[in-house]
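For reference, the structure is listed below as structure tokens.
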Amino acid sequence: MSTLGSRPFKILIAEDERDIRELVGFTLTFGGYQVVEVADGVEAVAKAQEELPDLVILDVRMPKMNGYEACQTLKRLEKTKGIPVVFLSAKGQEREVKEGLDTGAIAYILKPFAPTDLLMEVGRILGHNGGAAA
Amino acid sequence: MSDLREKPSSELPFFRFRRHALLIATAIPLLIELAHAPLARLSLPHVAGNVLTGLVAAWGFTLAFLAVATRVSELTVDRESARRSAKQLAALQRIGSQMSETLDLEAILGAILQQALEATPAFAGYIAIVQPDSKEVAVVATRGYPLWEEERSRGALLMSAENIMAELHRTGEPLIADNGHLDQTPLLKAAQAHSALSVPVWYEKNIVGFIHLQASARHAFDDQDIAFVRSLAEQASIAIGSNKRYLDQVRLNDSFRRRAEQLSRLAAISRSMRMDMPLEDFMEEVAYAIQEAIGFNIVMVSTVEGDPPYLQRRAGAGVPLEVLAEMKRRPQPLAPVEAMMQERFAISRSYFVPHQEKSVWEDKVDVVTLLPEQEPHEPGRWHSEDILFTPLRSVEGRLLGIISVDDPQDGRIPSLDTIEILETFAAQAAALLHNVRLYEQVRQFNALLEEKIEERVAQLAMANEQLSQEKERMETLYRITRELGASLDLDRVLARALSLVGQAICAQRGAILMLDPKTQCMHYRMVLKEGQASAPDEAGPTVSVETGLIRWITEHRQSLIIADTSRDETWRETTLPLFESARSLLAAPLMVGEEVLGCLVLSHSLPDLFSAEHLRLVTAAANQVAQAMSNAELYRLILDQTKRLGEALHIQQMQASEKASILEGIADGVVVVGVQGEIVLLNRAAEEILGVEASRLIGKSVNDFGEAAPEDRALRGLSAIRKWLAQPWSSLAESRLEDRYESEGRVINVHVSAVQMRGEILGAVAVLRDVTKEVEADRAKTEFISTVSHELRTPMTSIQGYTDLLLMGAVGQLNENQQRFLGIIKSNVNRLSHLVGDLLDISRIESGRLGLELETLQMEELVNQVTTAMRAQFTTRRILLTTDIVPGLPPIRGDRKRLTQVLSNLLENACHYTLPGGQVTVSVCLEGDEVRTDVRDTGIGISVEDQKHLFERFFRSEHPVVMETQGTGLGLAIVKSLVEMHQGRIWFQSELGKGSTFSFALPVAKEPAINGVTRAEEIQS
């Protein structure tokens, strides 16, 4: 289990595509993380305040509120501004990546991705080797 | 009033007080009146009129009354004296009222005397006054003398008055004679008179008379009486003053009237006189005017004449005609008259020589005495031998004559006033005399002038004759000149000139010969025969310049006349067709500068016909003809030249307009600049693209435009040219500059290159192309690819993700087939993923949206990283991967990620297309100012046919090995673009079956620049 002390890390996933949300959710659960899933930016902001996860993974293109806006909102809120945010997007152009990072995100993972790569990146961000082996 | 208070007190102070009070009461209203009086009136001029005189008199009395009142109060205080005082006051009041009633001096003085007798002890008296005219003392009023005695005693009174006046003048005080000693005043015997009082009458600080009183008692007059009489004397003084002023005024009025009359008379004379009036008449007018207006019975006017000057009597008035005629006959010497004009005789500007001084003129001047003098002569009366005359002077003071007068009508020596009037007449007369003199002079001059004019007219008539001849010649010359100037048709000009000159000198025949410089012969250019000038029908005969007349003219370059050909040596040697029968001959060379063009020959069949005048005319005409010939020649040359040039120009214009219309027709903007950047050409499309009219840019330099403002289309377009021109001169010939800018929603492509002619750079031509549509289409395509790629990625993410999860065994163990099939899925998803990546790359490169993050890099480091990462791949395929890197290479500037992509791509290709057991070498070296990287393999090689298409997008070789290998056909296209974006070059060498070497070279980093972006990104922004 990936844990902080005795408690497992909690990761909030915001992704409108159900298939991909489940893929990420399954991968992270498989990696030993506690996962909270939402389908849009507004829900993501609400859930983040409620759950106070250790990491937020945001899709960029989402209904209601896109990933950038959600990230900016989280970074503005006192309760959530310390939570690292990672973007997960098919938009891989330099400009888009730069824009994402400028909103305060810590990483930008391009789709498609290999589940192992995702786990490695998350583990790196949360400061351990991650994965079920931990 | 102060003296009243200061008076020492007397024995009857109370009474005195009362008297004071009374006096004050009496004086107050007078004082008030005085205080309100307009004092200024007192100084008004006398001419103001009688009313004023009366007023002045009244006020004079008032003032005197006050003075008397004051003085009366000082009189003795006894009762008697008080009564007398009252009486005297009453007397003064009476006089005052009298004075305000009349201005008659005698009446007033009589009244004063009357009051004196009434208010003093006197029983008789008189008042004597100095007469203003004669200065003699006259008794003007008497009282108390018996009437019969008065008349008789007048002479005695006068004598007495003279004596008293003398005494009064000495002392200035009243004179008292007492105790019967009246010796100083030897009065008319008034037996009872034992005392006398004489009180002076003052007027303007002079004693002008006195009041004389006689009393029977001795010591009859006390102080009070004296004071009273003094007051009366003051009254008299006032009366005299009033009277004098009145009289003055009357006299003044009189004199004004007289003066006005005289002046109007003068004016009348002036008006009546005209310039053409005979002098005598005029002088007579003056004489009679003086006689009538001024009042002299005899007036004589003389004028100064002759040299030496003498006086000529001109006119007289009051002189019998026969006497006057005689006087006019006898001129008067001027010297004695001048002798009389000395200072001591001068009165104003006239001279008065009293008869006592007649020695001055006696026996020298011819004086006619008409009237015998009456003896004895009275002083102030005119003497028949007195002489009075006024000189007539010109403005500058010259003596023109005199006016002398005699026998004044009033019989008295004339006053200054009269003399001045006489002078006024004289001045007027002098002025008129002067004018008349001038007029006479002018008339004389006129006569003289007329005489002279007649003389001159005669001379001129002669001169005119000569002139008209000259004029005719000049006109001929002028006509020739004008004809010559009017036409450039040489034949017409010459024909006209020849016939005109022929006419002018009456020549029968003439010719213009022209020199042919080649043959040294003259040929006939124009011929005059029977009054007709014409060009000879055919070439005609020629004349050698080597002989005879023609030779002479050519050598001497002068005109000549042969008076008679039959006696002329030169002519004898001459053979000159047309002139065989000539006797008189005139020939002139036609010259321009020093060059002889030909000659002009004219002849007549009679000898001695041509004069020097004719020669001059023909010479002058010949010059004009020569000039015309020269002009015509010049004109012909110019015309030829013009025609040739005109044709050439026409052809050029055609060509140019053809080119111009082609240029105008081009859709692309064309801008041509000179080497200095000056804009020389701008077609319509360029105007449209730059948004500026050509006229605003032509002639200006592109360097005049500062750094381009992004919104200014024109400046942005021109800045590319400026950039191009800023390059080193040597590199311009080969240089091409491509630029693209976006302005106002349009994208403009600029292409600048050199304009060259025979290797010389003449400037630059910029082609501006509006590529907005292309760019838009490209963007749409890129956008489409971008969107499609993104849409593809989402499902790919799921496929790849779930496949990976399955392969990871995250949902359970897999059997071998399951494992293999999932591997195939994963491999294809990877391929798809690459394809999408490459597509995105190529679309971004093409749309220029791919930005480079430049940094300073060591190629060695990059190569090592990539080879390390890929070594496993090579190992798997049993290919030997080696590197060969020259140590200490300079850095390059590049985007780490993109250069890694380039290297990876080349190495991947090398790996794929090299068979197991082969070898791949990556070598890096410095070549010039580039770092060159070679990826050499011992692979399958590339066919020559394939080599042509290698860098094309989606190109895949049909080589079986390639067909087996997964690939998008985009890799090398992307690699080439990336290398070129780094200002680098990429190329390859290959031989089918032997292997290939892919090389790229990147420029060495010039300076440690900050990380930036390339131009491509600049455009993007």
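Residues are named by chain letter and number: chains run A, B, ... in the order of the structure tokens, numbers start at 1 in each chain, and ligands are numbered from 1 in the order shown.
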- Selection: 12 Å around stretch 59-69 of chain A, only C-alpha atoms, excl. self and same-chain fewer than 5 positions, as a PyMOL selection string: (chain A and resi 12-18+20-21+24+37-46+74-76+85-92+96-105+108-111) or (chain B and resi 790-791+794)
- Return as a PyMOL selection string the full set of residues in stretch 19-78 of chain A whose backbone-based DSSP assignment is helix (DSSP H, G or I). chain A and resi 19-30+41-51+67-76
For N, CA, C and O atoms, I'd like the residues from the last selection saved as a compact mmCIF listing (two decimals), in the first residue's frame.
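Output contents, as saved in part-v2.txt:
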# COMPACT_ATOMS: atom_id res chain seq x y z
N ASP A 19 -14.11 5.74 -19.74
CA ASP A 19 -13.13 4.67 -19.98
C ASP A 19 -11.79 5.05 -19.39
O ASP A 19 -11.14 4.24 -18.72
N ILE A 20 -11.41 6.27 -19.67
CA ILE A 20 -10.08 6.69 -19.23
C ILE A 20 -10.07 6.92 -17.72
O ILE A 20 -9.13 6.61 -17.03
N ARG A 21 -11.23 7.47 -17.20
CA ARG A 21 -11.34 7.69 -15.75
C ARG A 21 -11.14 6.35 -15.01
O ARG A 21 -10.38 6.25 -14.07
N GLU A 22 -11.81 5.34 -15.56
CA GLU A 22 -11.72 4.01 -14.93
C GLU A 22 -10.31 3.44 -15.07
O GLU A 22 -9.78 2.82 -14.15
N LEU A 23 -9.69 3.70 -16.28
CA LEU A 23 -8.34 3.20 -16.53
C LEU A 23 -7.38 3.79 -15.51
O LEU A 23 -6.61 3.07 -14.87
N VAL A 24 -7.48 5.12 -15.34
CA VAL A 24 -6.59 5.79 -14.38
C VAL A 24 -6.90 5.31 -12.97
O VAL A 24 -6.01 4.97 -12.19
N GLY A 25 -8.22 5.23 -12.68
CA GLY A 25 -8.64 4.82 -11.35
C GLY A 25 -8.12 3.42 -11.03
O GLY A 25 -7.54 3.19 -9.97
N PHE A 26 -8.32 2.53 -12.02
CA PHE A 26 -7.90 1.15 -11.80
C PHE A 26 -6.39 1.07 -11.60
O PHE A 26 -5.90 0.43 -10.68
N THR A 27 -5.65 1.82 -12.49
CA THR A 27 -4.20 1.79 -12.43
C THR A 27 -3.71 2.25 -11.06
O THR A 27 -2.86 1.62 -10.44
N LEU A 28 -4.28 3.37 -10.57
CA LEU A 28 -3.82 3.94 -9.31
C LEU A 28 -4.23 3.04 -8.14
O LEU A 28 -3.47 2.83 -7.19
N THR A 29 -5.47 2.51 -8.22
CA THR A 29 -5.92 1.59 -7.16
C THR A 29 -4.98 0.39 -7.14
O THR A 29 -4.53 -0.05 -6.09
N PHE A 30 -4.68 -0.06 -8.38
CA PHE A 30 -3.74 -1.19 -8.53
C PHE A 30 -2.39 -0.81 -7.93
O PHE A 30 -1.71 -1.62 -7.33
N GLY A 41 -14.82 19.62 -13.96
CA GLY A 41 -13.98 20.54 -13.19
C GLY A 41 -14.68 21.05 -11.95
O GLY A 41 -14.06 21.17 -10.88
N VAL A 42 -15.97 21.33 -12.07
CA VAL A 42 -16.70 21.88 -10.92
C VAL A 42 -16.72 20.87 -9.80
O VAL A 42 -16.42 21.17 -8.63
N GLU A 43 -17.03 19.62 -10.19
CA GLU A 43 -17.06 18.53 -9.21
C GLU A 43 -15.69 18.34 -8.58
O GLU A 43 -15.55 18.10 -7.39
N ALA A 44 -14.66 18.51 -9.45
CA ALA A 44 -13.29 18.31 -8.98
C ALA A 44 -12.96 19.29 -7.88
O ALA A 44 -12.41 18.92 -6.84
N VAL A 45 -13.34 20.58 -8.09
CA VAL A 45 -13.03 21.60 -7.09
C VAL A 45 -13.78 21.28 -5.79
O VAL A 45 -13.21 21.34 -4.69
N ALA A 46 -15.07 20.92 -5.93
CA ALA A 46 -15.87 20.63 -4.75
C ALA A 46 -15.30 19.45 -3.97
O ALA A 46 -15.11 19.51 -2.75
N LYS A 47 -14.98 18.39 -4.73
CA LYS A 47 -14.51 17.16 -4.09
C LYS A 47 -13.14 17.37 -3.45
O LYS A 47 -12.86 16.83 -2.38
N ALA A 48 -12.34 18.16 -4.09
CA ALA A 48 -11.00 18.39 -3.57
C ALA A 48 -11.09 19.06 -2.20
O ALA A 48 -10.36 18.71 -1.27
N GLN A 49 -12.03 20.05 -2.08
CA GLN A 49 -12.17 20.73 -0.80
C GLN A 49 -12.69 19.78 0.27
O GLN A 49 -12.32 19.85 1.42
N GLU A 50 -13.55 18.87 -0.19
CA GLU A 50 -14.20 17.94 0.74
C GLU A 50 -13.22 16.85 1.19
O GLU A 50 -13.07 16.58 2.36
N GLU A 51 -12.51 16.32 0.22
CA GLU A 51 -11.67 15.15 0.49
C GLU A 51 -10.25 15.51 0.87
O GLU A 51 -9.55 14.71 1.47
N GLY A 67 -9.80 21.87 -17.21
CA GLY A 67 -8.75 21.52 -16.26
C GLY A 67 -7.96 22.74 -15.78
O GLY A 67 -7.65 22.86 -14.59
N TYR A 68 -7.65 23.61 -16.71
CA TYR A 68 -6.86 24.80 -16.34
C TYR A 68 -7.59 25.63 -15.28
O TYR A 68 -7.02 26.03 -14.28
N GLU A 69 -8.89 25.85 -15.56
CA GLU A 69 -9.69 26.67 -14.63
C GLU A 69 -9.78 26.00 -13.26
O GLU A 69 -9.63 26.65 -12.23
N ALA A 70 -9.98 24.70 -13.33
CA ALA A 70 -10.09 23.96 -12.07
C ALA A 70 -8.81 24.07 -11.27
O ALA A 70 -8.83 24.33 -10.07
N CYS A 71 -7.70 23.96 -11.98
CA CYS A 71 -6.40 24.04 -11.31
C CYS A 71 -6.21 25.42 -10.69
O CYS A 71 -5.82 25.54 -9.54
N GLN A 72 -6.54 26.44 -11.49
CA GLN A 72 -6.41 27.81 -10.98
C GLN A 72 -7.26 28.02 -9.73
O GLN A 72 -6.83 28.61 -8.74
N THR A 73 -8.47 27.46 -9.78
CA THR A 73 -9.37 27.61 -8.63
C THR A 73 -8.77 26.93 -7.40
O THR A 73 -8.74 27.50 -6.31
N LEU A 74 -8.27 25.75 -7.62
CA LEU A 74 -7.69 25.00 -6.48
C LEU A 74 -6.50 25.77 -5.90
O LEU A 74 -6.33 25.82 -4.68
N LYS A 75 -5.73 26.36 -6.80
CA LYS A 75 -4.53 27.06 -6.33
C LYS A 75 -4.89 28.36 -5.60
O LYS A 75 -4.11 28.91 -4.87
N ARG A 76 -6.11 28.82 -5.88
CA ARG A 76 -6.54 30.05 -5.20
C ARG A 76 -7.11 29.76 -3.82
O ARG A 76 -7.04 30.60 -2.93
Using only C-alpha atoms, find each residue in chain B having at least one atom no more than 8 Å away from chain A; report its shortest atom-to-atom pair and that distance in Å (one decimal), rows by chain then rising number, as a tab-separated table.
residue	atom	partner	partner_atom	distance
B:His790	CA	A:Ala90	CA	5.7
B:Arg793	CA	A:Pro112	CA	6.1
B:Thr794	CA	A:Ala90	CA	6.8
B:Met796	CA	A:Pro112	CA	6.2
B:Thr797	CA	A:Pro112	CA	4.0
B:Ser798	CA	A:Ile20	CA	5.8
B:Gln800	CA	A:Ala114	CA	6.8
B:Gly801	CA	A:Ala114	CA	5.7
B:Tyr802	CA	A:Leu23	CA	6.7
B:Asp804	CA	A:Ala114	CA	6.6
B:Leu805	CA	A:Pro115	CA	6.8
B:Ala810	CA	A:Phe30	CA	7.2
B:Ser833	CA	A:Pro112	CA	7.6
B:Gly851	CA	A:Glu94	CA	7.9
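Between atom CA of B:Gln858 and atom CA of B:Ile892 lies a distance of 6.3 Å.
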- Task: Quick one: pick out all strand (DSSP E or B) residues within chain A from a backbone DSSP run and write them as a PyMOL selection string.
- Result: chain A and resi 3-4+7-8+10-14+34-38+55-59+85-89+107-110
- Item | All residues 12 Å or closer to B:Glu338, only C-alpha atoms, same chain fewer than 6 positions away omitted, as a list in words | Val304, Pro309, Tyr310, Leu311, Gln332, Phe345, Tyr351, Val360, Trp361, Lys364, Val365, Phe389, Thr390, Pro391, Leu399, Gly401 and Ile402 of chain B
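Compared by their closest atoms to A:Lys10, and using only C-alpha atoms, the residues A:Leu58, A:Met120, A:Ala107, A:Leu126 rank with A:Leu126 nearest.
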- Non-local contacts of B:Gly110 (8 Å; only C-alpha atoms; under 3 positions in same chain excluded) as a PyMOL selection string: chain B and resi 106-107+113-114+141-143
- Query: Near B:Ala766, within 12 Å and counting only C-alpha atoms, which residues show up once chain neighbours fewer than 5 positions away are dropped, as an MDAnalysis selection string?
  - Reply: chainID B and resid 668:674 677 679:683 686 690 702 717:725 736:739 748:755
Output C-alpha atoms for every residue in that selection, as a PDB file, in the first residue's frame.
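The result, written out as result_19.pdb:
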ATOM      1  CA  ASP B 668       2.263  40.197 -56.964  1.00  0.00           C
ATOM      2  CA  GLY B 669       3.552  43.488 -55.707  1.00  0.00           C
ATOM      3  CA  VAL B 670       6.865  44.507 -57.227  1.00  0.00           C
ATOM      4  CA  VAL B 671       9.088  47.103 -55.619  1.00  0.00           C
ATOM      5  CA  VAL B 672      12.420  48.025 -57.191  1.00  0.00           C
ATOM      6  CA  VAL B 673      14.993  50.039 -55.273  1.00  0.00           C
ATOM      7  CA  GLY B 674      18.364  51.432 -56.236  1.00  0.00           C
ATOM      8  CA  GLY B 677      17.634  52.094 -51.210  1.00  0.00           C
ATOM      9  CA  ILE B 679      12.490  53.427 -54.478  1.00  0.00           C
ATOM     10  CA  VAL B 680      12.408  53.573 -58.273  1.00  0.00           C
ATOM     11  CA  LEU B 681       9.435  51.461 -59.165  1.00  0.00           C
ATOM     12  CA  LEU B 682       6.277  50.295 -57.528  1.00  0.00           C
ATOM     13  CA  ASN B 683       3.488  48.489 -59.365  1.00  0.00           C
ATOM     14  CA  ALA B 686       2.574  46.694 -54.506  1.00  0.00           C
ATOM     15  CA  LEU B 690       1.655  48.211 -48.943  1.00  0.00           C
ATOM     16  CA  VAL B 702      13.738  52.604 -47.736  1.00  0.00           C
ATOM     17  CA  GLY B 717       7.134  45.447 -46.449  1.00  0.00           C
ATOM     18  CA  LEU B 718       9.964  47.891 -46.964  1.00  0.00           C
ATOM     19  CA  SER B 719      11.860  46.791 -43.890  1.00  0.00           C
ATOM     20  CA  ALA B 720      12.592  43.477 -45.633  1.00  0.00           C
ATOM     21  CA  ILE B 721      14.309  45.409 -48.425  1.00  0.00           C
ATOM     22  CA  ARG B 722      16.220  47.429 -45.853  1.00  0.00           C
ATOM     23  CA  LYS B 723      17.319  44.227 -44.166  1.00  0.00           C
ATOM     24  CA  TRP B 724      18.451  42.862 -47.474  1.00  0.00           C
ATOM     25  CA  LEU B 725      20.422  46.001 -48.345  1.00  0.00           C
ATOM     26  CA  ARG B 736      17.828  36.038 -51.414  1.00  0.00           C
ATOM     27  CA  LEU B 737      15.736  37.115 -48.544  1.00  0.00           C
ATOM     28  CA  GLU B 738      12.405  35.578 -47.724  1.00  0.00           C
ATOM     29  CA  ASP B 739      10.272  37.086 -45.117  1.00  0.00           C
ATOM     30  CA  ILE B 748       2.450  38.977 -46.944  1.00  0.00           C
ATOM     31  CA  ASN B 749       5.341  37.031 -48.262  1.00  0.00           C
ATOM     32  CA  VAL B 750       8.354  39.128 -49.243  1.00  0.00           C
ATOM     33  CA  HIS B 751      11.049  37.914 -51.523  1.00  0.00           C
ATOM     34  CA  VAL B 752      14.011  40.212 -52.037  1.00  0.00           C
ATOM     35  CA  SER B 753      16.775  39.630 -54.535  1.00  0.00           C
ATOM     36  CA  ALA B 754      19.358  41.624 -56.454  1.00  0.00           C
ATOM     37  CA  VAL B 755      18.737  43.404 -59.739  1.00  0.00           C
TER      38      VAL B 755
END
